[in-house]
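Novice: The structure that follows is given in the form of structure tokens.
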Amino acid sequence: MSHRDRNRQEGLLGSDDIPAIALEAILWSGWGLVRAVVATLTALVRFPLQAGAALVAIGWLLFFGWRSLSLGLVAITLGLAVWRLWHPTSYRRYVAVRLLTLIRSPYYRVRWPRIARSVDLVVYPGQRGRSGRVGGRRSTDGSVRVLRVRATGHGTDRLLLRLPNGLVPADVAARAEAIAHATGCLHARVRADRPGRCWLELARRDTLRGVVDPLPSMGLVDLAAVPVGACEDGTGWQLKLAGTHLLVAGATGAGKSSVLWSLLQGVSRGLASEDVQIWAVDPKGGMELRPGRALFSRYEDASPEDMCRLLEDLVEVKDARSKDLADSGARLHQRTAESPHIIAILDELATLTAFADRSVTRRIDTALGLLLTQGRACGITVVAAVQDPGKDIVGWRDLFPTRVAMRLDNPVQVAMVLGDSARDDGARADEISELTPGVAYVRTDGTREILRVRAAYLDDQAIARLVDGVTTQRANRTNTHKTGEPVLTTADLPATMRPTPEGGPS
Ligand SMILES: Nc1ncnc2c1ncn2[C@@H]1O[C@H](COP(=O)(O)OP(=O)(O)OP(=O)(O)O)[C@@H](O)[C@H]1O
């Protein structure tokens, strides 16, 4: 029988027990106080901003009373609301992002240990990796820890994770789907950081659901970063065109042509100044590219023989440039109006080869192989769009350093386009909805990093405006050369007076 049962049976506490109970109560109260102080100090260190704000609020309440505190809070809220209306960009940058981080940081930090355990991101004593439980007891030191939380203000939160010995970023990436479910997010993706750490990106809403408007092309064209659309985190999506080749793969209706038109829009200033040239091949009989005919220096959409000749002519340009580079001792082509950077756009490679007879197909293969292997240093970029990466590009895939995977039919195609580990790294191109054409996953050249992006959409009017703009500027340049009279173009106008894609001043 226990001591307490015996007391209950006796009905009374003995008088000897009272000092002992009082002593025990004092000791427990002291221990509780120590724990409260430790918890407060820990909160101050872990959540300094939140704890600081709470302390200021408590101090205000104690010194000035609740009325003053309420008035202060209302004044702050009104001030922020006015700021938001007056200048939403700076509000988002300086207030919204910080407020969100302030709120979400404790949320993730408090929930994370439980989530990490539930998705098995824990290394147990004596265990290497996530392969099983050795040694019995769970060690909290062996779990993935949150070092930093950042809300982007664009529907994505970023968690900087510290990995315990035995786990690598690929282990976290392998659990990304489970983490997304556990945190109530749409999807999760992992980005590398320095050794022992990685960033976990949690998308709370689909920021790419809306159509991205065409991006105005301003200033000089930078072929290292041509604007083509928007990234999931609200930043611009830019594609490198200099010194690389680009492959765009996507099922029918995935929005491949929006990438091509956005690229054309992005380099339109170079087309106007003629230090960038487009050579285009549209084997679908001109369905995609013919509206832009006036933008292209060379264009073929009729017979496979003509398209093949275009590619062979480009190989001749490449050979001549290689020779010039070798003679001058230079290693890289510098673009000028006399020797422009040439972008060869090939829409639907499979159609190009499907209807050609065997000898033409062989010539196309040879020309394409030469351009892909030797064109980059000579200022030639091949941009190819394909529907079926398996059938169309299996032999050439690795010669395209930059690849864009739009909506694809199955995970095997995702691996074909972006590489074997891409889907594990978060590139779920086979899950892109048919309702969001233009959405894609991109692997940046030379990195494992995957971006989720959406190309800007140029409708027929926007394409007509693009063509008009370039032809007008070219005509103006030609007039200037002929008459010697300077002609004012939109490029000469101050930024605020330049036309927007909608046609009005910016
Ligand atoms: N970036 C985009 N944003 C919004 N809508 C788009 C975008 N791209 C395409 N669309 C819409 O999807 C339709 C199909 O797109 P598109 O013709 O570019 O697909 P595709 O991949 O080139 O298909 P195909 O291989 O059959 O030519 C377009 O008519 C347009 O309405």
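Ordered as shown in the structure tokens, chains take letters A, B, and onward, while each chain numbers its residues from 1 and ligands are numbered from 1 in the order shown.
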For ligand 1, collect every residue having any atom at a distance of at most 6 Å from a ligand atom (counting only C-alpha atoms and all ligand atoms); output as a tab-separated table (two decimals) with N, CA and C atoms, in the first residue's frame.
Specialist:
chain	number	residue	atom	x	y	z
A	211	VAL	N	-1.54	34.89	-65.24
A	211	VAL	CA	-0.75	35.07	-66.46
A	211	VAL	C	0.27	36.18	-66.24
A	250	GLY	N	8.12	20.28	-73.66
A	250	GLY	CA	6.79	20.33	-73.04
A	250	GLY	C	5.76	19.68	-73.95
A	251	ALA	N	4.77	19.07	-73.33
A	251	ALA	CA	3.70	18.42	-74.09
A	251	ALA	C	2.95	19.47	-74.91
A	252	THR	N	2.12	19.01	-75.80
A	252	THR	CA	1.39	19.98	-76.62
A	252	THR	C	0.50	20.87	-75.74
A	253	GLY	N	0.54	22.16	-76.01
A	253	GLY	CA	-0.23	23.12	-75.21
A	253	GLY	C	0.44	23.51	-73.90
A	254	ALA	N	1.69	23.08	-73.68
A	254	ALA	CA	2.37	23.39	-72.41
A	254	ALA	C	2.83	24.85	-72.37
A	255	GLY	N	2.90	25.49	-73.54
A	255	GLY	CA	3.29	26.91	-73.55
A	255	GLY	C	4.71	27.14	-74.05
A	256	LYS	N	5.24	26.21	-74.86
A	256	LYS	CA	6.62	26.37	-75.35
A	256	LYS	C	6.76	27.65	-76.17
A	257	SER	N	5.72	27.94	-76.96
A	257	SER	CA	5.87	29.12	-77.81
A	257	SER	C	5.91	30.40	-76.97
A	258	SER	N	5.33	30.38	-75.75
A	258	SER	CA	5.42	31.60	-74.94
A	258	SER	C	6.86	31.85	-74.49
A	387	GLN	N	8.41	18.46	-78.21
A	387	GLN	CA	7.24	17.94	-77.48
A	387	GLN	C	7.60	16.69	-76.69
A	437	PRO	N	-0.63	26.95	-68.53
A	437	PRO	CA	0.40	26.87	-69.57
A	437	PRO	C	1.46	27.95	-69.33
A	438	GLY	N	2.69	27.62	-69.67
A	438	GLY	CA	3.79	28.59	-69.46
A	438	GLY	C	4.57	28.31	-68.20
A	455	ALA	N	6.56	31.58	-67.97
A	455	ALA	CA	6.93	32.50	-69.06
A	455	ALA	C	5.85	33.55	-69.22
A	456	ALA	N	6.28	34.74	-69.62
A	456	ALA	CA	5.30	35.79	-69.94
A	456	ALA	C	4.53	35.38	-71.19
A	457	TYR	N	3.30	35.86	-71.30
A	457	TYR	CA	2.48	35.46	-72.45
A	457	TYR	C	2.26	36.63	-73.39
Novice: So that I can check the surroundings of range 284-296 of chain A, please list as JSON, numbers by chain every protein, DNA and RNA residue that reaches within 8 Å of it, counting only C-alpha atoms and ignoring chain neighbours fewer than 3 positions away.
Specialist: {"A": [257, 271, 277, 278, 279, 280, 299, 301, 302, 347, 348, 351, 463, 464, 467, 470, 471]}
Novice: Could you dump the residues just selected with C-alpha atoms as a PDB file, in the first residue's frame?
Specialist:
ATOM      1  CA  SER A 257       5.869  29.122 -77.814  1.00  0.00           C
ATOM      2  CA  LEU A 271      17.206  42.904 -83.005  1.00  0.00           C
ATOM      3  CA  GLN A 277      20.052  38.034 -85.251  1.00  0.00           C
ATOM      4  CA  ILE A 278      17.430  35.332 -85.273  1.00  0.00           C
ATOM      5  CA  TRP A 279      17.517  32.447 -87.718  1.00  0.00           C
ATOM      6  CA  ALA A 280      14.262  30.560 -87.336  1.00  0.00           C
ATOM      7  CA  TYR A 299      13.442  31.975 -91.841  1.00  0.00           C
ATOM      8  CA  ASP A 301       8.973  26.856 -92.762  1.00  0.00           C
ATOM      9  CA  ALA A 302       8.374  25.082 -96.055  1.00  0.00           C
ATOM     10  CA  ASP A 347      10.493  24.768 -83.199  1.00  0.00           C
ATOM     11  CA  GLU A 348       9.588  21.085 -83.080  1.00  0.00           C
ATOM     12  CA  THR A 351       8.540  17.441 -87.210  1.00  0.00           C
ATOM     13  CA  ILE A 463       3.389  39.989 -80.978  1.00  0.00           C
ATOM     14  CA  ALA A 464       2.240  42.542 -83.554  1.00  0.00           C
ATOM     15  CA  VAL A 467       7.259  43.264 -84.617  1.00  0.00           C
ATOM     16  CA  VAL A 470      11.531  46.421 -83.973  1.00  0.00           C
ATOM     17  CA  THR A 471      10.809  47.263 -87.633  1.00  0.00           C
TER      18      THR A 471
END
Novice: As a PyMOL selection string, please: every residue in range 330-448 of chain A that DSSP puts in alpha helix (DSSP H).
Specialist: chain A and resi 349-354+358-374+389-393+411-418
Novice: Please produce a file of those selected residues containing N, CA and C atoms, as an mmCIF file, in the first residue's frame.
Specialist:
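Heads up, here's the output in again-v9.cif:
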data_model
loop_
_atom_site.group_PDB
_atom_site.id
_atom_site.type_symbol
_atom_site.label_atom_id
_atom_site.label_comp_id
_atom_site.auth_asym_id
_atom_site.auth_seq_id
_atom_site.Cartn_x
_atom_site.Cartn_y
_atom_site.Cartn_z
ATOM 1 N N LEU A 349 11.664 19.897 -83.325
ATOM 2 C CA LEU A 349 12.698 19.144 -84.033
ATOM 3 C C LEU A 349 12.151 17.884 -84.690
ATOM 4 N N ALA A 350 11.231 17.206 -83.992
ATOM 5 C CA ALA A 350 10.747 15.920 -84.514
ATOM 6 C C ALA A 350 10.053 16.108 -85.851
ATOM 7 N N THR A 351 9.249 17.192 -85.954
ATOM 8 C CA THR A 351 8.540 17.441 -87.210
ATOM 9 C C THR A 351 9.546 17.696 -88.321
ATOM 10 N N LEU A 352 10.650 18.369 -87.939
ATOM 11 C CA LEU A 352 11.667 18.696 -88.932
ATOM 12 C C LEU A 352 12.247 17.429 -89.567
ATOM 13 N N THR A 353 12.508 16.441 -88.712
ATOM 14 C CA THR A 353 13.148 15.236 -89.250
ATOM 15 C C THR A 353 12.135 14.198 -89.736
ATOM 16 N N ALA A 354 10.874 14.279 -89.225
ATOM 17 C CA ALA A 354 9.901 13.229 -89.558
ATOM 18 C C ALA A 354 9.567 13.207 -91.044
ATOM 19 N N ARG A 358 15.780 10.381 -95.766
ATOM 20 C CA ARG A 358 16.884 9.972 -94.909
ATOM 21 C C ARG A 358 18.164 10.799 -95.119
ATOM 22 N N SER A 359 18.465 11.131 -96.364
ATOM 23 C CA SER A 359 19.725 11.855 -96.598
ATOM 24 C C SER A 359 19.648 13.259 -95.993
ATOM 25 N N VAL A 360 18.467 13.891 -96.086
ATOM 26 C CA VAL A 360 18.320 15.230 -95.499
ATOM 27 C C VAL A 360 18.385 15.133 -93.970
ATOM 28 N N THR A 361 17.722 14.121 -93.414
ATOM 29 C CA THR A 361 17.756 13.939 -91.951
ATOM 30 C C THR A 361 19.202 13.812 -91.480
ATOM 31 N N ARG A 362 19.987 13.042 -92.232
ATOM 32 C CA ARG A 362 21.390 12.849 -91.840
ATOM 33 C C ARG A 362 22.151 14.178 -91.884
ATOM 34 N N ARG A 363 21.876 14.986 -92.906
ATOM 35 C CA ARG A 363 22.554 16.292 -93.014
ATOM 36 C C ARG A 363 22.123 17.213 -91.862
ATOM 37 N N ILE A 364 20.828 17.152 -91.521
ATOM 38 C CA ILE A 364 20.335 17.983 -90.399
ATOM 39 C C ILE A 364 21.043 17.564 -89.107
ATOM 40 N N ASP A 365 21.139 16.249 -88.901
ATOM 41 C CA ASP A 365 21.817 15.725 -87.698
ATOM 42 C C ASP A 365 23.243 16.237 -87.617
ATOM 43 N N THR A 366 23.938 16.173 -88.751
ATOM 44 C CA THR A 366 25.346 16.582 -88.761
ATOM 45 C C THR A 366 25.466 18.073 -88.454
ATOM 46 N N ALA A 367 24.630 18.884 -89.126
ATOM 47 C CA ALA A 367 24.706 20.346 -88.924
ATOM 48 C C ALA A 367 24.385 20.696 -87.471
ATOM 49 N N LEU A 368 23.328 20.087 -86.942
ATOM 50 C CA LEU A 368 22.924 20.377 -85.571
ATOM 51 C C LEU A 368 24.018 19.972 -84.587
ATOM 52 N N GLY A 369 24.611 18.796 -84.826
ATOM 53 C CA GLY A 369 25.695 18.318 -83.961
ATOM 54 C C GLY A 369 26.843 19.324 -83.948
ATOM 55 N N LEU A 370 27.225 19.837 -85.122
ATOM 56 C CA LEU A 370 28.339 20.796 -85.198
ATOM 57 C C LEU A 370 27.982 22.096 -84.473
ATOM 58 N N LEU A 371 26.754 22.573 -84.673
ATOM 59 C CA LEU A 371 26.353 23.831 -84.030
ATOM 60 C C LEU A 371 26.329 23.675 -82.513
ATOM 61 N N LEU A 372 25.814 22.526 -82.050
ATOM 62 C CA LEU A 372 25.702 22.336 -80.600
ATOM 63 C C LEU A 372 27.067 22.148 -79.941
ATOM 64 N N THR A 373 27.995 21.529 -80.660
ATOM 65 C CA THR A 373 29.300 21.278 -80.024
ATOM 66 C C THR A 373 30.264 22.450 -80.197
ATOM 67 N N GLN A 374 30.125 23.217 -81.303
ATOM 68 C CA GLN A 374 31.137 24.249 -81.558
ATOM 69 C C GLN A 374 30.581 25.665 -81.668
ATOM 70 N N PRO A 389 10.620 14.631 -75.337
ATOM 71 C CA PRO A 389 12.072 14.632 -75.151
ATOM 72 C C PRO A 389 12.693 13.276 -75.447
ATOM 73 N N GLY A 390 11.941 12.207 -75.254
ATOM 74 C CA GLY A 390 12.488 10.868 -75.482
ATOM 75 C C GLY A 390 12.831 10.682 -76.943
ATOM 76 N N LYS A 391 11.819 10.890 -77.786
ATOM 77 C CA LYS A 391 11.986 10.608 -79.192
ATOM 78 C C LYS A 391 12.906 11.635 -79.856
ATOM 79 N N ASP A 392 12.728 12.912 -79.452
ATOM 80 C CA ASP A 392 13.343 13.979 -80.223
ATOM 81 C C ASP A 392 14.795 14.258 -79.897
ATOM 82 N N ILE A 393 15.157 14.166 -78.630
ATOM 83 C CA ILE A 393 16.454 14.744 -78.301
ATOM 84 C C ILE A 393 17.402 13.783 -77.618
ATOM 85 N N PRO A 411 7.154 11.108 -65.236
ATOM 86 C CA PRO A 411 8.416 11.395 -64.546
ATOM 87 C C PRO A 411 9.648 11.009 -65.361
ATOM 88 N N VAL A 412 9.501 10.006 -66.228
ATOM 89 C CA VAL A 412 10.672 9.587 -67.026
ATOM 90 C C VAL A 412 11.102 10.742 -67.931
ATOM 91 N N GLN A 413 10.140 11.446 -68.502
ATOM 92 C CA GLN A 413 10.475 12.576 -69.372
ATOM 93 C C GLN A 413 11.137 13.700 -68.572
ATOM 94 N N VAL A 414 10.691 13.883 -67.318
ATOM 95 C CA VAL A 414 11.324 14.912 -66.477
ATOM 96 C C VAL A 414 12.806 14.584 -66.311
ATOM 97 N N ALA A 415 13.091 13.307 -66.034
ATOM 98 C CA ALA A 415 14.499 12.890 -65.875
ATOM 99 C C ALA A 415 15.263 13.083 -67.180
ATOM 100 N N MET A 416 14.590 12.817 -68.317
ATOM 101 C CA MET A 416 15.272 12.980 -69.610
ATOM 102 C C MET A 416 15.671 14.430 -69.848
ATOM 103 N N VAL A 417 14.809 15.347 -69.438
ATOM 104 C CA VAL A 417 15.086 16.759 -69.715
ATOM 105 C C VAL A 417 16.034 17.344 -68.666
ATOM 106 N N LEU A 418 15.707 17.159 -67.391
ATOM 107 C CA LEU A 418 16.455 17.880 -66.354
ATOM 108 C C LEU A 418 17.498 17.025 -65.640
#
Novice: Leaving out range 101-114 of chain A and any residue of its chain fewer than 3 positions from it, which residues lie within 10 Å of it when counting only C-alpha atoms, given as a PDB file with C-alpha atoms, in the first residue's frame?
Specialist:
ATOM      1  CA  ALA A  43      12.761  32.877 -25.874  1.00  0.00           C
ATOM      2  CA  ARG A  46      15.620  32.423 -29.981  1.00  0.00           C
ATOM      3  CA  PHE A  47      12.958  34.983 -30.829  1.00  0.00           C
ATOM      4  CA  PRO A  48      14.564  38.320 -29.921  1.00  0.00           C
ATOM      5  CA  LEU A  49      12.178  40.436 -32.013  1.00  0.00           C
ATOM      6  CA  GLN A  50       9.020  38.754 -30.829  1.00  0.00           C
ATOM      7  CA  VAL A  95       7.182  45.800 -43.553  1.00  0.00           C
ATOM      8  CA  ALA A  96       5.206  42.883 -45.002  1.00  0.00           C
ATOM      9  CA  VAL A  97       8.180  40.548 -45.359  1.00  0.00           C
ATOM     10  CA  ARG A  98       9.434  41.339 -41.845  1.00  0.00           C
ATOM     11  CA  ARG A 117      10.534  13.360 -36.332  1.00  0.00           C
ATOM     12  CA  SER A 118       7.305  12.518 -38.113  1.00  0.00           C
ATOM     13  CA  VAL A 119       8.962  12.558 -41.530  1.00  0.00           C
ATOM     14  CA  ASP A 120      11.959  10.683 -40.130  1.00  0.00           C
ATOM     15  CA  LEU A 121      14.587  13.395 -40.558  1.00  0.00           C
ATOM     16  CA  VAL A 122      16.371  12.148 -37.474  1.00  0.00           C
ATOM     17  CA  THR A 140      17.212  15.163 -30.278  1.00  0.00           C
ATOM     18  CA  SER A 143      17.453  15.853 -35.837  1.00  0.00           C
ATOM     19  CA  VAL A 144      17.468  18.526 -38.540  1.00  0.00           C
ATOM     20  CA  ARG A 145      17.308  21.961 -36.875  1.00  0.00           C
ATOM     21  CA  VAL A 146      15.850  25.235 -38.119  1.00  0.00           C
ATOM     22  CA  LEU A 147      18.523  27.962 -38.064  1.00  0.00           C
ATOM     23  CA  ARG A 148      16.641  30.754 -39.793  1.00  0.00           C
ATOM     24  CA  VAL A 149      13.174  31.444 -41.148  1.00  0.00           C
ATOM     25  CA  ARG A 150      12.498  33.902 -43.959  1.00  0.00           C
ATOM     26  CA  ALA A 151       9.128  34.752 -45.450  1.00  0.00           C
ATOM     27  CA  THR A 152       9.471  36.137 -48.971  1.00  0.00           C
ATOM     28  CA  GLY A 153       6.113  37.883 -49.063  1.00  0.00           C
ATOM     29  CA  ASP A 157       8.724  30.659 -46.881  1.00  0.00           C
ATOM     30  CA  ARG A 158      12.364  29.649 -46.593  1.00  0.00           C
ATOM     31  CA  LEU A 159      13.840  27.656 -43.741  1.00  0.00           C
ATOM     32  CA  ILE A 179       7.159  17.912 -45.321  1.00  0.00           C
ATOM     33  CA  ALA A 182       2.922  18.139 -42.765  1.00  0.00           C
ATOM     34  CA  THR A 183       3.268  21.933 -43.063  1.00  0.00           C
TER      35      THR A 183
END
Novice: If you run DSSP on the backbone here, which positions in range 136-314 of chain A get strand (DSSP E or B)? Please write them as a PyMOL selection string.
Specialist: chain A and resi 143+145-151+156-162+187-192+197-203+212+226-231+236-239+246-249+276-281+298-300
Novice: Can you work out the spacing between CA of Ala385 in chain A and CA of Gln334 in chain A in Å, to one decimal?
Specialist: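 That distance, rounded to one decimal, is 26.3 Å.
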Novice: Leaving out Phe400 in chain A and any residue of its chain fewer than 6 positions from it, which residues lie within 7 Å of it when counting only C-alpha atoms, given as a tab-separated table (two decimals) with N, CA and C atoms, in the first residue's frame?
Specialist:
chain	number	residue	atom	x	y	z
A	245	HIS	N	23.29	26.73	-75.02
A	245	HIS	CA	22.17	26.36	-75.89
A	245	HIS	C	21.00	26.04	-74.97
A	246	LEU	N	19.80	26.27	-75.48
A	246	LEU	CA	18.62	26.14	-74.63
A	246	LEU	C	17.64	25.13	-75.21
A	247	LEU	N	17.21	24.22	-74.35
A	247	LEU	CA	16.22	23.24	-74.77
A	247	LEU	C	14.92	23.49	-74.00
